[in-house]
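Following: one structure in structure tokens, then a few remarks.
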Amino acid sequence: MRAVRYAGFGAEPEVVEVDRPTCPPRGAVVRVRATGLCRSDWHAWMGHDDTVRLPHVPGHEFAGEVIELGSEVSPDSGWAVGDRVTAPFISACGRCSQCRSGNEQVCDAQEQPGFTYWGSFAEEVIVHEAEINLVRLPDALGFVEAASLGCRFATAYRAVVTRGRLQPGERIAVHGCGGVGLSAIMIAVAAGVETYGVDVSDAALQAVEKLGAIPVQGGEGAAERVREVSEGGVELSIDAFGSIETSLASVRSLRKRGRHVQIGLMTGDAALAAMPMDALIAGELELLGSHGMTVREYPEMLGAVASGAFRPIELVGRTIRLDDVPAALAAMGTGGGGSGMTVVELV
């Protein structure tokens with residue numbers, strides 16, 4: 001099969017022929033029809049994730065069709081070859097203490113396509129523990145739209161609804177308006193709350209306004225601008241980009257007893273050292289992490305998409321082919337990825 005593979009961190013990825021994946025006894029093989037290109041893929045390519053082993057095939061946001069089920073997948077599981085599916089980017093084990101408590105998104109023995117094993121920038125990808133991790137797609141949901149849900153929209157949904165606990169009448173600021181940030185904005189706007197989108201890119205700010213939120217210029221002074229336009233700060237603020245600057249701006253955008261949710265990946269301890277702990281204590285602020293979404297949360301989100309309450313297809317800025325992935329992945333490090341999500345279509 002064809003796949004995008006790199007042999008070294010930062011080395012140019014190539015589209016090559018590789019062996020088809022071997023189906024795990026309790027897993028499945030999915031023919032990839034569409035897969036998202038995410039900033040997390042760029043982080044992995046740059047060597048920021050110590051779970052990646054070389055050579056490597058990235059990609060973790062996918063939708064497609066089941067083409068093989070493992071020998072130990074129960075005939076009574078309801079899954080069959082030909083089913084249209086997606087899966088969380090966290091493949092949970094189903095047996096550890098976190099899974100048993102219903103927190104599969106932080107599974108102690110998790111696998112992650114595109115990180116701990118070869119991912120979905122390929123014609124086929126494995127899903128471990130199929131009975132736990134496969135998600136059935138509604139018939140009305142196309143593969144491109146479904147792939148856009150896989151990491152960024154699902155992550156944003158959990159960050160806003162579950163971790164952020166957004167309530168009617170509150171205000172929310174989203175710092176970093178790429179795929180996950182715009183997803184969070186779409187979800188917040190649909191909830192009917194006052195929403196601010198913060199970014200340094202004019203194109204991103206235009207996308208914010210198009211979604212019905214209030215654009216705020218990012219960069220130096222961003223937090224002050226959010227506090228001014230919101231008349232004192234917001235109850236919930238999200239860093240959807242992942243940098244010292246955006247994380248600090250998110251925290252400083254909060255009013256007292258506000259909640260900061262960190263979605264964007266960060267490396268090193270510099271951000272923690274720079275956190276305004278005086279404001280954290282005096283304002284009784286909450287700092288929260290958010291990591292993916294559990295399978296049991298998908299039906300509510302998919303139902304909202306199917307009903308038209310959310311339209312993540314509007315967040316897809318462009319679709320590309322597998323041959324375009326190497327250049328598109330490299331462009332993410334220079335800000336050349338464009339606004340919105342990039343989705344790779346495979347036919």
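Residue names in the structure tokens use chain letters A, B, ... in the order shown, residue numbers from 1 in each chain, and ligand numbers from 1 in the order shown.
Residues of stretch 29-108 of chain A carrying a DSSP assignment of strand (DSSP E), computed from the backbone, are Val29, Val30, Arg31, Val32, Arg33, Ala34, Thr35, Gly36, Leu37, Glu61, Phe62, Ala63, Gly64, Glu65, Val66, Ile67, Glu68, Leu69, Arg84, Val85 and Thr86 of chain A.
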For A:Ala146: contacts at 9 Å, only C-alpha atoms, fewer than 3 positions along chain excluded, given as a ChimeraX atom specification: /A:34-35,61-64,85-86,137,141-143,149-150,312-313
Only all heavy atoms, please: the residues just picked out, written as an mmCIF file, in the first residue's frame.
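So selection34.cif came out as:
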```
data_model
loop_
_atom_site.group_PDB
_atom_site.id
_atom_site.type_symbol
_atom_site.label_atom_id
_atom_site.label_comp_id
_atom_site.auth_asym_id
_atom_site.auth_seq_id
_atom_site.Cartn_x
_atom_site.Cartn_y
_atom_site.Cartn_z
ATOM 1 N N ALA A 34 -10.360 9.264 4.276
ATOM 2 C CA ALA A 34 -9.968 10.657 4.521
ATOM 3 C C ALA A 34 -9.240 10.705 5.857
ATOM 4 O O ALA A 34 -9.544 9.944 6.773
ATOM 5 C CB ALA A 34 -11.188 11.577 4.548
ATOM 6 N N THR A 35 -8.270 11.620 5.947
ATOM 7 C CA THR A 35 -7.507 11.752 7.191
ATOM 8 C C THR A 35 -7.041 13.195 7.346
ATOM 9 O O THR A 35 -6.620 13.828 6.372
ATOM 10 C CB THR A 35 -6.313 10.783 7.220
ATOM 11 O OG1 THR A 35 -5.590 10.941 8.442
ATOM 12 C CG2 THR A 35 -5.372 10.980 6.046
ATOM 13 N N GLU A 61 -6.154 11.259 12.484
ATOM 14 C CA GLU A 61 -7.565 11.664 12.357
ATOM 15 C C GLU A 61 -8.098 11.038 11.079
ATOM 16 O O GLU A 61 -7.809 11.526 9.996
ATOM 17 C CB GLU A 61 -7.684 13.179 12.228
ATOM 18 C CG GLU A 61 -7.059 13.979 13.342
ATOM 19 C CD GLU A 61 -7.137 15.477 13.056
ATOM 20 O OE1 GLU A 61 -6.521 15.934 12.076
ATOM 21 O OE2 GLU A 61 -7.807 16.178 13.802
ATOM 22 N N PHE A 62 -8.867 9.974 11.184
ATOM 23 C CA PHE A 62 -9.227 9.260 9.962
ATOM 24 C C PHE A 62 -10.665 8.778 9.986
ATOM 25 O O PHE A 62 -11.292 8.644 11.034
ATOM 26 C CB PHE A 62 -8.282 8.072 9.736
ATOM 27 C CG PHE A 62 -8.306 7.047 10.843
ATOM 28 C CD1 PHE A 62 -9.197 5.982 10.819
ATOM 29 C CD2 PHE A 62 -7.433 7.156 11.918
ATOM 30 C CE1 PHE A 62 -9.219 5.045 11.842
ATOM 31 C CE2 PHE A 62 -7.449 6.230 12.948
ATOM 32 C CZ PHE A 62 -8.347 5.166 12.906
ATOM 33 N N ALA A 63 -11.156 8.521 8.807
ATOM 34 C CA ALA A 63 -12.466 7.892 8.618
ATOM 35 C C ALA A 63 -12.354 6.973 7.417
ATOM 36 O O ALA A 63 -11.601 7.245 6.478
ATOM 37 C CB ALA A 63 -13.544 8.951 8.385
ATOM 38 N N GLY A 64 -13.090 5.883 7.469
ATOM 39 C CA GLY A 64 -13.006 4.931 6.366
ATOM 40 C C GLY A 64 -13.921 3.752 6.574
ATOM 41 O O GLY A 64 -14.961 3.851 7.249
ATOM 42 N N VAL A 85 -16.606 3.870 9.554
ATOM 43 C CA VAL A 85 -16.176 4.113 10.933
ATOM 44 C C VAL A 85 -15.172 5.259 11.040
ATOM 45 O O VAL A 85 -14.567 5.688 10.054
ATOM 46 C CB VAL A 85 -15.514 2.848 11.531
ATOM 47 C CG1 VAL A 85 -16.495 1.695 11.617
ATOM 48 C CG2 VAL A 85 -14.268 2.445 10.738
ATOM 49 N N THR A 86 -15.018 5.709 12.264
ATOM 50 C CA THR A 86 -13.890 6.522 12.684
ATOM 51 C C THR A 86 -13.459 5.964 14.039
ATOM 52 O O THR A 86 -13.979 4.946 14.496
ATOM 53 C CB THR A 86 -14.251 8.020 12.764
ATOM 54 O OG1 THR A 86 -13.062 8.773 13.062
ATOM 55 C CG2 THR A 86 -15.288 8.297 13.836
ATOM 56 N N LEU A 137 -20.189 5.622 11.915
ATOM 57 C CA LEU A 137 -20.550 6.915 11.334
ATOM 58 C C LEU A 137 -21.998 6.925 10.874
ATOM 59 O O LEU A 137 -22.465 5.957 10.257
ATOM 60 C CB LEU A 137 -19.651 7.221 10.129
ATOM 61 C CG LEU A 137 -18.168 7.422 10.399
ATOM 62 C CD1 LEU A 137 -17.412 7.637 9.083
ATOM 63 C CD2 LEU A 137 -17.937 8.599 11.329
ATOM 64 N N LEU A 141 -23.069 11.347 7.134
ATOM 65 C CA LEU A 141 -21.797 12.009 7.395
ATOM 66 C C LEU A 141 -20.739 11.520 6.412
ATOM 67 O O LEU A 141 -20.421 10.324 6.368
ATOM 68 C CB LEU A 141 -21.355 11.714 8.837
ATOM 69 C CG LEU A 141 -20.233 12.583 9.406
ATOM 70 C CD1 LEU A 141 -20.670 14.040 9.491
ATOM 71 C CD2 LEU A 141 -19.843 12.088 10.792
ATOM 72 N N GLY A 142 -20.194 12.440 5.605
ATOM 73 C CA GLY A 142 -19.166 12.092 4.637
ATOM 74 C C GLY A 142 -17.829 11.830 5.302
ATOM 75 O O GLY A 142 -17.585 12.231 6.443
ATOM 76 N N PHE A 143 -16.932 11.177 4.563
ATOM 77 C CA PHE A 143 -15.636 10.816 5.131
ATOM 78 C C PHE A 143 -14.781 12.037 5.447
ATOM 79 O O PHE A 143 -14.070 12.052 6.460
ATOM 80 C CB PHE A 143 -14.895 9.876 4.193
ATOM 81 C CG PHE A 143 -15.481 8.494 4.108
ATOM 82 C CD1 PHE A 143 -15.846 7.956 2.877
ATOM 83 C CD2 PHE A 143 -15.679 7.735 5.253
ATOM 84 C CE1 PHE A 143 -16.383 6.678 2.801
ATOM 85 C CE2 PHE A 143 -16.226 6.458 5.185
ATOM 86 C CZ PHE A 143 -16.575 5.920 3.954
ATOM 87 N N LEU A 149 -13.559 15.476 12.422
ATOM 88 C CA LEU A 149 -14.005 15.317 13.807
ATOM 89 C C LEU A 149 -12.975 14.592 14.667
ATOM 90 O O LEU A 149 -12.969 14.714 15.880
ATOM 91 C CB LEU A 149 -15.308 14.508 13.842
ATOM 92 C CG LEU A 149 -16.527 15.099 13.153
ATOM 93 C CD1 LEU A 149 -17.657 14.077 13.144
ATOM 94 C CD2 LEU A 149 -16.967 16.363 13.865
ATOM 95 N N GLY A 150 -12.113 13.803 14.018
ATOM 96 C CA GLY A 150 -11.336 12.778 14.708
ATOM 97 C C GLY A 150 -10.482 13.248 15.856
ATOM 98 O O GLY A 150 -10.402 12.587 16.877
ATOM 99 N N PRO A 312 -18.988 20.962 10.976
ATOM 100 C CA PRO A 312 -17.524 20.968 10.903
ATOM 101 C C PRO A 312 -16.974 20.988 9.490
ATOM 102 O O PRO A 312 -15.821 21.388 9.295
ATOM 103 C CB PRO A 312 -17.130 19.682 11.647
ATOM 104 C CG PRO A 312 -18.350 18.833 11.647
ATOM 105 C CD PRO A 312 -19.507 19.780 11.684
ATOM 106 N N ILE A 313 -17.783 20.598 8.505
ATOM 107 C CA ILE A 313 -17.302 20.652 7.120
ATOM 108 C C ILE A 313 -16.943 22.083 6.738
ATOM 109 O O ILE A 313 -16.065 22.311 5.895
ATOM 110 C CB ILE A 313 -18.367 20.070 6.151
ATOM 111 C CG1 ILE A 313 -17.755 19.811 4.774
ATOM 112 C CG2 ILE A 313 -19.575 20.983 6.069
ATOM 113 C CD1 ILE A 313 -16.705 18.729 4.757
#
```
With only C-alpha atoms as the basis for distance, which of A:Ile320, A:Leu302, A:Ala240, A:Val226 is at the shortest distance from A:Cys177? A:Ala240
Quick one: distance from atom CA of A:Ala184 to atom CA of A:Ala156 in Å, one decimal?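 Taking atom CA of A:Ala184 as the start and atom CA of A:Ala156 as the end point, the length is 4.9 Å.
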Could you list, as number ranges by chain, every residue within 10 Å of A:Glu297, counting only C-alpha atoms and ignoring same-chain residues fewer than 6 positions away? A: 154, 157-158, 162
Go ahead and write the residues just picked, N, CA and C atoms, as a CSV table (one decimal), in the first residue's frame.
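This went into part15.csv:
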```csv
chain,number,residue,atom,x,y,z
A,154,ALA,N,-13.4,16.8,18.1
A,154,ALA,CA,-13.7,16.0,19.3
A,154,ALA,C,-12.9,16.5,20.5
A,157,TYR,N,-14.6,19.7,21.5
A,157,TYR,CA,-15.9,19.4,22.1
A,157,TYR,C,-15.8,19.1,23.6
A,158,ARG,N,-14.8,18.2,23.9
A,158,ARG,CA,-14.6,17.8,25.3
A,158,ARG,C,-14.1,19.0,26.1
A,162,THR,N,-17.1,19.3,28.4
A,162,THR,CA,-16.8,18.5,29.6
A,162,THR,C,-15.8,19.1,30.5
```
Closest atom pairs, residues of stretch 244-295 of chain A within 10 Å of stretch 104-125 of chain A, only C-alpha atoms, as CSV:
```
residue,atom,partner,partner_atom,distance
A:Ser290,CA,A:Gln105,CA,9.1
A:His291,CA,A:Gln105,CA,6.4
A:Gly292,CA,A:Gln105,CA,5.9
A:Met293,CA,A:Gln105,CA,5.6
A:Thr294,CA,A:Gln105,CA,5.4
A:Val295,CA,A:Glu104,CA,8.0
```
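When only C-alpha atoms are used to measure the gap to A:Phe241, the shortest distance among A:Val229, A:Val200, A:Ala11, A:Val66 belongs to A:Val200.
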Please, which residues of stretch 129-178 of chain A, numbered as in this document, come out alpha helix (DSSP H) from DSSP, as a ChimeraX atom specification? /A:130-133,143-148,154-157
Counting only C-alpha atoms, which residues of stretch 96-202 of chain A fall within 12 Å of stretch 245-252 of chain A, and what is the closest atom pair for each with its distance in Å at one decimal, ordered by chain and rising number, as JSON lines?
```
{"residue": "A:Ile172", "atom": "CA", "partner": "A:Ser250", "partner_atom": "CA", "distance": 10.0}
{"residue": "A:Ala173", "atom": "CA", "partner": "A:Ser250", "partner_atom": "CA", "distance": 7.5}
{"residue": "A:Val174", "atom": "CA", "partner": "A:Ser250", "partner_atom": "CA", "distance": 7.6}
{"residue": "A:His175", "atom": "CA", "partner": "A:Thr246", "partner_atom": "CA", "distance": 6.1}
{"residue": "A:Gly176", "atom": "CA", "partner": "A:Thr246", "partner_atom": "CA", "distance": 7.3}
{"residue": "A:Cys177", "atom": "CA", "partner": "A:Thr246", "partner_atom": "CA", "distance": 11.0}
{"residue": "A:Gly181", "atom": "CA", "partner": "A:Thr246", "partner_atom": "CA", "distance": 11.9}
{"residue": "A:Tyr196", "atom": "CA", "partner": "A:Ser250", "partner_atom": "CA", "distance": 11.3}
{"residue": "A:Gly197", "atom": "CA", "partner": "A:Ser250", "partner_atom": "CA", "distance": 11.0}
{"residue": "A:Val198", "atom": "CA", "partner": "A:Thr246", "partner_atom": "CA", "distance": 9.1}
{"residue": "A:Asp199", "atom": "CA", "partner": "A:Thr246", "partner_atom": "CA", "distance": 9.1}
{"residue": "A:Val200", "atom": "CA", "partner": "A:Thr246", "partner_atom": "CA", "distance": 10.5}
```
Quick one: write out the picked residues with C-alpha atoms as a PDB file, in the first residue's frame?
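After the write, selection-v3.pdb holds the following:
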```
ATOM      1  CA  ILE A 172     -15.281  32.240  26.350  1.00  0.00           C
ATOM      2  CA  ALA A 173     -12.033  33.217  24.629  1.00  0.00           C
ATOM      3  CA  VAL A 174     -10.194  30.858  22.293  1.00  0.00           C
ATOM      4  CA  HIS A 175      -6.514  31.611  21.707  1.00  0.00           C
ATOM      5  CA  GLY A 176      -5.269  30.165  18.427  1.00  0.00           C
ATOM      6  CA  CYS A 177      -7.845  29.793  15.666  1.00  0.00           C
ATOM      7  CA  GLY A 181      -9.628  26.623  17.842  1.00  0.00           C
ATOM      8  CA  TYR A 196     -13.972  35.676  21.302  1.00  0.00           C
ATOM      9  CA  GLY A 197     -11.435  34.272  18.854  1.00  0.00           C
ATOM     10  CA  VAL A 198      -7.829  35.427  19.307  1.00  0.00           C
ATOM     11  CA  ASP A 199      -5.195  35.047  16.594  1.00  0.00           C
ATOM     12  CA  VAL A 200      -2.383  36.911  14.844  1.00  0.00           C
TER      13      VAL A 200
END
```
Taking 5 positions as the minimum chain separation for residues in the same chain, which residues sit within 10 Å of A:Leu315 when counting only C-alpha atoms? Answer as a ChimeraX atom specification. /A:145,148,153,178-180,182-183,186,207,211,339-342
Within 9 Å of A:Ala80, counting only C-alpha atoms, which residues show up once you throw out same-chain ones fewer than 3 positions away? Write them as a list in words, please.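 The residues satisfying every condition are Val66, Ile67, Glu68, Leu69, Pro75, Ser77 and Asp83 of chain A.
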Keeping only all heavy atoms, write the selected residues as a JSON list (two decimals), in the first residue's frame.
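Final file, again_37.json:
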```json
[["chain", "number", "residue", "atom", "x", "y", "z"],
["A", 66, "VAL", "N", -14.20, -0.55, 7.44],
["A", 66, "VAL", "CA", -13.57, -1.75, 7.98],
["A", 66, "VAL", "C", -13.35, -2.75, 6.85],
["A", 66, "VAL", "O", -14.29, -3.09, 6.12],
["A", 66, "VAL", "CB", -14.43, -2.38, 9.09],
["A", 66, "VAL", "CG1", -13.83, -3.71, 9.56],
["A", 66, "VAL", "CG2", -14.59, -1.43, 10.26],
["A", 67, "ILE", "N", -12.10, -3.22, 6.70],
["A", 67, "ILE", "CA", -11.83, -4.23, 5.68],
["A", 67, "ILE", "C", -11.38, -5.55, 6.29],
["A", 67, "ILE", "O", -11.31, -6.57, 5.60],
["A", 67, "ILE", "CB", -10.79, -3.75, 4.64],
["A", 67, "ILE", "CG1", -9.47, -3.38, 5.33],
["A", 67, "ILE", "CG2", -11.35, -2.60, 3.82],
["A", 67, "ILE", "CD1", -8.36, -3.08, 4.31],
["A", 68, "GLU", "N", -11.08, -5.54, 7.59],
["A", 68, "GLU", "CA", -10.68, -6.78, 8.25],
["A", 68, "GLU", "C", -10.93, -6.64, 9.75],
["A", 68, "GLU", "O", -10.67, -5.59, 10.34],
["A", 68, "GLU", "CB", -9.20, -7.07, 7.99],
["A", 68, "GLU", "CG", -8.74, -8.42, 8.49],
["A", 68, "GLU", "CD", -7.28, -8.71, 8.14],
["A", 68, "GLU", "OE1", -6.67, -7.90, 7.42],
["A", 68, "GLU", "OE2", -6.78, -9.75, 8.60],
["A", 69, "LEU", "N", -11.44, -7.72, 10.36],
["A", 69, "LEU", "CA", -11.63, -7.78, 11.81],
["A", 69, "LEU", "C", -10.76, -8.89, 12.37],
["A", 69, "LEU", "O", -10.59, -9.95, 11.75],
["A", 69, "LEU", "CB", -13.09, -8.03, 12.16],
["A", 69, "LEU", "CG", -14.06, -6.86, 11.93],
["A", 69, "LEU", "CD1", -15.50, -7.35, 12.02],
["A", 69, "LEU", "CD2", -13.81, -5.74, 12.93],
["A", 75, "PRO", "N", -18.33, -12.17, 17.31],
["A", 75, "PRO", "CA", -19.37, -12.09, 16.27],
["A", 75, "PRO", "C", -20.58, -11.29, 16.73],
["A", 75, "PRO", "O", -21.37, -10.80, 15.91],
["A", 75, "PRO", "CB", -19.73, -13.56, 16.01],
["A", 75, "PRO", "CG", -18.56, -14.35, 16.51],
["A", 75, "PRO", "CD", -18.01, -13.57, 17.66],
["A", 77, "SER", "N", -20.37, -8.52, 18.43],
["A", 77, "SER", "CA", -19.95, -7.14, 18.70],
["A", 77, "SER", "C", -20.74, -6.12, 17.90],
["A", 77, "SER", "O", -20.78, -4.94, 18.25],
["A", 77, "SER", "CB", -18.46, -6.97, 18.37],
["A", 77, "SER", "OG", -18.24, -7.13, 16.97],
["A", 83, "ASP", "N", -18.33, -1.74, 7.36],
["A", 83, "ASP", "CA", -18.87, -0.68, 8.20],
["A", 83, "ASP", "C", -18.08, 0.62, 8.03],
["A", 83, "ASP", "O", -16.86, 0.61, 7.95],
["A", 83, "ASP", "CB", -18.83, -1.09, 9.68],
["A", 83, "ASP", "CG", -19.88, -2.11, 10.05],
["A", 83, "ASP", "OD1", -20.85, -2.27, 9.28],
["A", 83, "ASP", "OD2", -19.74, -2.75, 11.12]]
```
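The space separating atom CA of A:Asp239 from atom CA of A:Ser101 comes to 27.4 Å.
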